[in-house]
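Working notes, structure below.
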Amino acid sequence: MAATRARVSSFSRNVSTVTSQNPGLKHGPNGTMFISSGIPDLDKILGGGFSLGSLVMVMEDPEAPHHMLLLRNFMSQGLVQKQPLLYASASRDPKSFLGTLPSLVSPKGDKSSDLGQEKDLRIAWQYKKYFGEPQLNLNTNNVYYIAGGHHDYCNDFDLRKPLDRHFFSGINVDCVSIKDSPNLTSLQDRCAGFLAKFSRNEGSISSAGRIAIQSFCSPQCKYSNEEWHMLSFIRSLKGLARSSNAVIVVTFPPSLLSPSCSKRLQHMADTLLSVKAIPDEDQELAKLLTGYQDMIGLLNVHKVARFNTQVPVILDATTFSIKLQRRRFLVLECLNQAPVDGSSGSSYGTSGGCSGSTKAGSLDF
């Protein structure tokens, strides 16, 4: 009896009364619940995924639509797990965007097995004895899975194939166009009605909702010049999310807003991310980073949601490279500095050596 009792202290909440049988939900620290972002690497970075009741804001890059990669995976993950979705955008036909969502990876094309084969090629043969057969492991997200197998909390998606239509042909998908809306009142009403279906209580959580709003401050919207109206909407939306079992992801272009409005939006976000494109031929960056030719952009983590605790989140890194593994799978990796070429005359210790020697490739002490 004592073994099954949840630990209770002044810094943790008793979660014994909150249960979930949905594979799309996962218990986190201090009584929080997570849903997956749709990107396994991003879930690891954030400590488990997006917290239920949180507002996630993604700052867009005006030069490249990399924010669409995050939004598509977030939406596909919810549809695969049969979590209701509300999608809003400035396009006239937002439902057509569902046809661009990535497809669930089939067991034959499992990314984990492909990456495992590539890892085996990089391991020297004398170290093979230290790697046993696939067994039950526990990753940093507290998700149990069979190594190389399938796990339900977060799936892999193939960006080259569209998601099967049966995933979004039901009644669990609601699409809203905000292109011709003179204000945000109608969108706020739709979001309030959607979130009311997932109000929090002390019982079990059967499902979670997802709201995705693309290019919130797009100039195609008539309200794009009413910054205080947009700030009021986001503040109200955040309050609605707090009392619901849902996650809201909003992308917005900060370059189209005034600096004060952009800062206020960033401050109101529980989790704040930004994406940035990298030039195709940046010689300086190519020399500085390894694997530069495989990068399509950079992801910056500015803020991570933290509920029911005053302990801040300290990440090992805040900037990650966005890569397309085999041009199919979206992966995030830490930035690695390229080794310095001693023949170039800029090797370690030559420019700032203690002896002041300028001889290339030598180390002076």
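The chains in the structure tokens are called A, B, ... from first to last as shown; in each chain the residues are counted from 1, and the ligands are counted from 1 in the order shown.
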
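Those residues that approach stretch 201-210 of chain A to within 9 Å, counting only C-alpha atoms, are Thr17, Val18, Thr19, Ser20, Gln21, Asn22, Gly24, Leu25, Ile35, Leu52, Phe74, Met75, Gly78, Lys82, Gln83, Pro84, Leu85, Leu86, Tyr87, Phe194, Leu195, Ser244, Asn245, Ala246, Val247, Ile248 and Val249 of chain A; same-chain residues fewer than 5 positions away are not listed.
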
For the residues in that selection, give me N, CA and C atoms as an mmCIF file, in the first residue's frame.
```cif
data_model
loop_
_atom_site.group_PDB
_atom_site.id
_atom_site.type_symbol
_atom_site.label_atom_id
_atom_site.label_comp_id
_atom_site.auth_asym_id
_atom_site.auth_seq_id
_atom_site.Cartn_x
_atom_site.Cartn_y
_atom_site.Cartn_z
ATOM 1 N N THR A 17 -4.559 10.588 -7.853
ATOM 2 C CA THR A 17 -5.962 10.645 -8.245
ATOM 3 C C THR A 17 -6.134 10.942 -9.719
ATOM 4 N N VAL A 18 -5.031 11.260 -10.406
ATOM 5 C CA VAL A 18 -5.113 11.582 -11.830
ATOM 6 C C VAL A 18 -4.499 10.444 -12.610
ATOM 7 N N THR A 19 -5.312 9.789 -13.403
ATOM 8 C CA THR A 19 -4.840 8.661 -14.187
ATOM 9 C C THR A 19 -5.118 8.910 -15.651
ATOM 10 N N SER A 20 -4.372 8.211 -16.473
ATOM 11 C CA SER A 20 -4.541 8.344 -17.910
ATOM 12 C C SER A 20 -4.212 7.022 -18.577
ATOM 13 N N GLN A 21 -5.107 6.541 -19.416
ATOM 14 C CA GLN A 21 -4.890 5.328 -20.175
ATOM 15 C C GLN A 21 -4.575 5.643 -21.629
ATOM 16 N N ASN A 22 -4.445 6.900 -21.968
ATOM 17 C CA ASN A 22 -4.189 7.315 -23.337
ATOM 18 C C ASN A 22 -2.690 7.286 -23.596
ATOM 19 N N GLY A 24 -1.112 8.813 -25.725
ATOM 20 C CA GLY A 24 -0.664 10.132 -26.139
ATOM 21 C C GLY A 24 -0.400 11.071 -24.988
ATOM 22 N N LEU A 25 -0.601 10.619 -23.748
ATOM 23 C CA LEU A 25 -0.364 11.443 -22.567
ATOM 24 C C LEU A 25 0.701 10.786 -21.703
ATOM 25 N N ILE A 35 1.991 16.146 -23.612
ATOM 26 C CA ILE A 35 1.663 15.550 -24.897
ATOM 27 C C ILE A 35 2.858 15.797 -25.815
ATOM 28 N N LEU A 52 0.413 20.067 -20.673
ATOM 29 C CA LEU A 52 -1.003 20.351 -20.820
ATOM 30 C C LEU A 52 -1.342 21.678 -20.150
ATOM 31 N N PHE A 74 3.344 18.593 -35.165
ATOM 32 C CA PHE A 74 2.468 18.737 -34.000
ATOM 33 C C PHE A 74 1.037 18.323 -34.332
ATOM 34 N N MET A 75 0.551 18.724 -35.494
ATOM 35 C CA MET A 75 -0.806 18.380 -35.896
ATOM 36 C C MET A 75 -0.934 16.902 -36.243
ATOM 37 N N GLY A 78 -1.141 14.663 -33.152
ATOM 38 C CA GLY A 78 -2.453 14.668 -32.520
ATOM 39 C C GLY A 78 -3.485 13.864 -33.295
ATOM 40 N N LYS A 82 -5.652 10.434 -32.284
ATOM 41 C CA LYS A 82 -7.086 10.722 -32.215
ATOM 42 C C LYS A 82 -7.408 11.804 -31.187
ATOM 43 N N GLN A 83 -6.539 12.781 -31.104
ATOM 44 C CA GLN A 83 -6.776 13.929 -30.241
ATOM 45 C C GLN A 83 -7.424 15.036 -31.070
ATOM 46 N N PRO A 84 -8.546 15.575 -30.631
ATOM 47 C CA PRO A 84 -9.237 16.619 -31.393
ATOM 48 C C PRO A 84 -8.316 17.802 -31.691
ATOM 49 N N LEU A 85 -8.509 18.391 -32.868
ATOM 50 C CA LEU A 85 -7.625 19.447 -33.354
ATOM 51 C C LEU A 85 -8.443 20.618 -33.868
ATOM 52 N N LEU A 86 -8.014 21.818 -33.501
ATOM 53 C CA LEU A 86 -8.556 23.050 -34.048
ATOM 54 C C LEU A 86 -7.419 23.780 -34.744
ATOM 55 N N TYR A 87 -7.572 23.995 -36.043
ATOM 56 C CA TYR A 87 -6.525 24.638 -36.844
ATOM 57 C C TYR A 87 -7.062 25.921 -37.447
ATOM 58 N N PHE A 194 -13.997 25.108 -28.071
ATOM 59 C CA PHE A 194 -13.183 23.908 -28.241
ATOM 60 C C PHE A 194 -12.546 23.499 -26.920
ATOM 61 N N LEU A 195 -11.985 24.458 -26.194
ATOM 62 C CA LEU A 195 -11.303 24.149 -24.933
ATOM 63 C C LEU A 195 -12.277 23.747 -23.834
ATOM 64 N N SER A 244 -7.639 23.946 -18.957
ATOM 65 C CA SER A 244 -8.055 22.882 -19.864
ATOM 66 C C SER A 244 -6.933 21.875 -20.042
ATOM 67 N N ASN A 245 -7.296 20.700 -20.546
ATOM 68 C CA ASN A 245 -6.321 19.674 -20.897
ATOM 69 C C ASN A 245 -6.017 19.775 -22.388
ATOM 70 N N ALA A 246 -5.374 20.849 -22.748
ATOM 71 C CA ALA A 246 -5.063 21.104 -24.148
ATOM 72 C C ALA A 246 -3.761 21.883 -24.239
ATOM 73 N N VAL A 247 -3.197 21.897 -25.430
ATOM 74 C CA VAL A 247 -1.979 22.657 -25.727
ATOM 75 C C VAL A 247 -2.255 23.521 -26.951
ATOM 76 N N ILE A 248 -1.825 24.766 -26.886
ATOM 77 C CA ILE A 248 -2.031 25.715 -27.968
ATOM 78 C C ILE A 248 -0.675 26.096 -28.543
ATOM 79 N N VAL A 249 -0.505 25.934 -29.837
ATOM 80 C CA VAL A 249 0.717 26.323 -30.539
ATOM 81 C C VAL A 249 0.373 27.448 -31.495
#
```

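Excluding stretch 37-42 of chain A itself and any same-chain residue fewer than 5 positions from it, the protein and nucleic acid residues within 6 Å of it, counting only C-alpha atoms, are Gly49, Asn73, Phe74, Gln77, Cys154 and Leu332 of chain A.
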
Q) Separation of atom CA of A:Thr319 and atom CA of A:Asn300, in Å? A)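 It comes out at 4.5 Å.
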
**Q.** One-decimal distance in Å that lies between atom CA of A:Arg72 and atom CA of A:Arg165
**A.**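 Going from atom CA of A:Arg165 over to atom CA of A:Arg72 covers 14.6 Å.
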
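Residues in contact range of A:Gly193, defined as at most 12 Å between only C-alpha atoms, with sequence neighbours fewer than 2 positions away removed, read Leu86, Asp174, Ser186, Leu187, Gln188, Asp189, Arg190, Cys191, Leu195, Ala196, Lys197, Phe198, Ser199, Gly209, Ile211, Leu237, Leu240, Ala241 and Ser244 of chain A.
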
Written file, previous selection with C-alpha atoms, as a PDB file, in the first residue's frame:
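Output file part.pdb is given in full below:
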```pdb
ATOM      1  CA  LEU A  86      -8.556  23.050 -34.048  1.00  0.00           C
ATOM      2  CA  ASP A 174     -12.092  21.832 -37.039  1.00  0.00           C
ATOM      3  CA  SER A 186     -15.036  34.831 -33.665  1.00  0.00           C
ATOM      4  CA  LEU A 187     -11.738  32.965 -33.308  1.00  0.00           C
ATOM      5  CA  GLN A 188     -11.785  33.483 -29.562  1.00  0.00           C
ATOM      6  CA  ASP A 189     -15.305  32.064 -29.382  1.00  0.00           C
ATOM      7  CA  ARG A 190     -14.271  29.024 -31.415  1.00  0.00           C
ATOM      8  CA  CYS A 191     -11.245  28.423 -29.208  1.00  0.00           C
ATOM      9  CA  LEU A 195     -11.303  24.149 -24.933  1.00  0.00           C
ATOM     10  CA  ALA A 196     -14.532  23.788 -22.946  1.00  0.00           C
ATOM     11  CA  LYS A 197     -14.605  20.141 -24.050  1.00  0.00           C
ATOM     12  CA  PHE A 198     -11.358  19.501 -22.176  1.00  0.00           C
ATOM     13  CA  SER A 199     -11.963  21.241 -18.879  1.00  0.00           C
ATOM     14  CA  GLY A 209      -6.989  18.773 -27.330  1.00  0.00           C
ATOM     15  CA  ILE A 211      -4.990  24.093 -31.146  1.00  0.00           C
ATOM     16  CA  LEU A 237      -6.214  32.336 -24.844  1.00  0.00           C
ATOM     17  CA  LEU A 240      -8.361  29.433 -21.247  1.00  0.00           C
ATOM     18  CA  ALA A 241      -5.533  26.976 -21.796  1.00  0.00           C
ATOM     19  CA  SER A 244      -8.055  22.882 -19.864  1.00  0.00           C
TER      20      SER A 244
END
```

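Checking A:Ile45, A:Leu55, A:Leu163, A:Leu71 one by one against A:Leu104, counting only C-alpha atoms, you find the shortest gap at A:Leu163.
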
Q) Hey, can you check how far atom CA of A:Pro162 sits from atom CA of A:Pro102? A)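 A separation of 4.9 Å between them.
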
**Q.** strand (DSSP E) per DSSP on the backbone: members of stretch 277-341 of chain A, as a PyMOL selection string
**A.** chain A and resi 277+295-303+319-325+329-334

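Every residue of stretch 242-351 of chain A with a DSSP assignment of alpha helix (DSSP H), taken from the backbone, is listed as Arg242, Pro259, Ser260, Cys261, Ser262, Lys263, Arg264, Leu265, Gln266, His267, Met268, Gln283, Glu284, Leu285, Ala286, Lys287 and Leu288 of chain A.
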
Selection above as a file: N, CA and C atoms, as a short mmCIF file (atom, residue, chain, number, x, y, z; two decimals), in the first residue's frame:
```cif
data_model
loop_
_atom_site.label_atom_id
_atom_site.label_comp_id
_atom_site.auth_asym_id
_atom_site.auth_seq_id
_atom_site.Cartn_x
_atom_site.Cartn_y
_atom_site.Cartn_z
N ARG A 242 -4.99 27.36 -19.45
CA ARG A 242 -4.61 26.97 -18.10
C ARG A 242 -5.64 26.05 -17.44
N PRO A 259 8.56 46.34 -31.89
CA PRO A 259 9.38 45.64 -30.88
C PRO A 259 8.66 45.43 -29.55
N SER A 260 7.86 46.41 -29.12
CA SER A 260 7.16 46.26 -27.84
C SER A 260 6.11 45.17 -27.91
N CYS A 261 5.37 45.11 -29.00
CA CYS A 261 4.35 44.06 -29.15
C CYS A 261 4.99 42.69 -29.24
N SER A 262 6.08 42.58 -29.98
CA SER A 262 6.76 41.30 -30.10
C SER A 262 7.28 40.82 -28.76
N LYS A 263 7.84 41.72 -27.95
CA LYS A 263 8.34 41.35 -26.63
C LYS A 263 7.22 40.90 -25.71
N ARG A 264 6.09 41.55 -25.79
CA ARG A 264 4.95 41.17 -24.94
C ARG A 264 4.43 39.78 -25.31
N LEU A 265 4.38 39.49 -26.60
CA LEU A 265 3.94 38.16 -27.02
C LEU A 265 4.92 37.09 -26.53
N GLN A 266 6.19 37.37 -26.62
CA GLN A 266 7.20 36.41 -26.15
C GLN A 266 7.10 36.21 -24.64
N HIS A 267 6.80 37.27 -23.93
CA HIS A 267 6.70 37.16 -22.47
C HIS A 267 5.49 36.33 -22.05
N MET A 268 4.41 36.37 -22.81
CA MET A 268 3.21 35.64 -22.45
C MET A 268 3.31 34.15 -22.77
N GLN A 283 30.28 30.36 -46.09
CA GLN A 283 31.57 29.72 -45.94
C GLN A 283 32.07 29.77 -44.49
N GLU A 284 31.83 30.89 -43.82
CA GLU A 284 32.30 31.02 -42.44
C GLU A 284 31.58 30.04 -41.52
N LEU A 285 30.26 29.92 -41.70
CA LEU A 285 29.50 29.00 -40.86
C LEU A 285 29.83 27.55 -41.19
N ALA A 286 30.12 27.28 -42.46
CA ALA A 286 30.47 25.92 -42.87
C ALA A 286 31.78 25.48 -42.23
N LYS A 287 32.72 26.41 -42.04
CA LYS A 287 33.98 26.08 -41.39
C LYS A 287 33.81 25.91 -39.88
N LEU A 288 32.84 26.59 -39.33
CA LEU A 288 32.66 26.59 -37.88
C LEU A 288 31.92 25.37 -37.38
#
```

**Q.** Minimum-distance residue to A:Ala64, chosen among A:Tyr292, A:His302, A:Ile278, A:Gly31 (using only C-alpha atoms)
**A.**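 Smallest distance to A:Ala64 is found for A:Ile278.
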
Q.
Let me make sure I understand: among A:Arg160, A:Val56, A:His67, A:Gly297, which one has the smallest atom-to-atom distance to A:Thr100 if we use only C-alpha atoms?
A.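 Result for the nearest residue to A:Thr100: A:Arg160.
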
Q | Close residues, stretch 218-227 of chain A itself excluded, 9 Å, only C-alpha atoms, min 4 positions apart in chain, as a ChimeraX atom specification | A | /A:89-91,178-184,214,231-232,252-253,256-258,261

Q | Proximity to A:Leu299 - best of A:Lys44, A:His66, A:Lys26, A:Lys95, only C-alpha atoms | A | A:His66
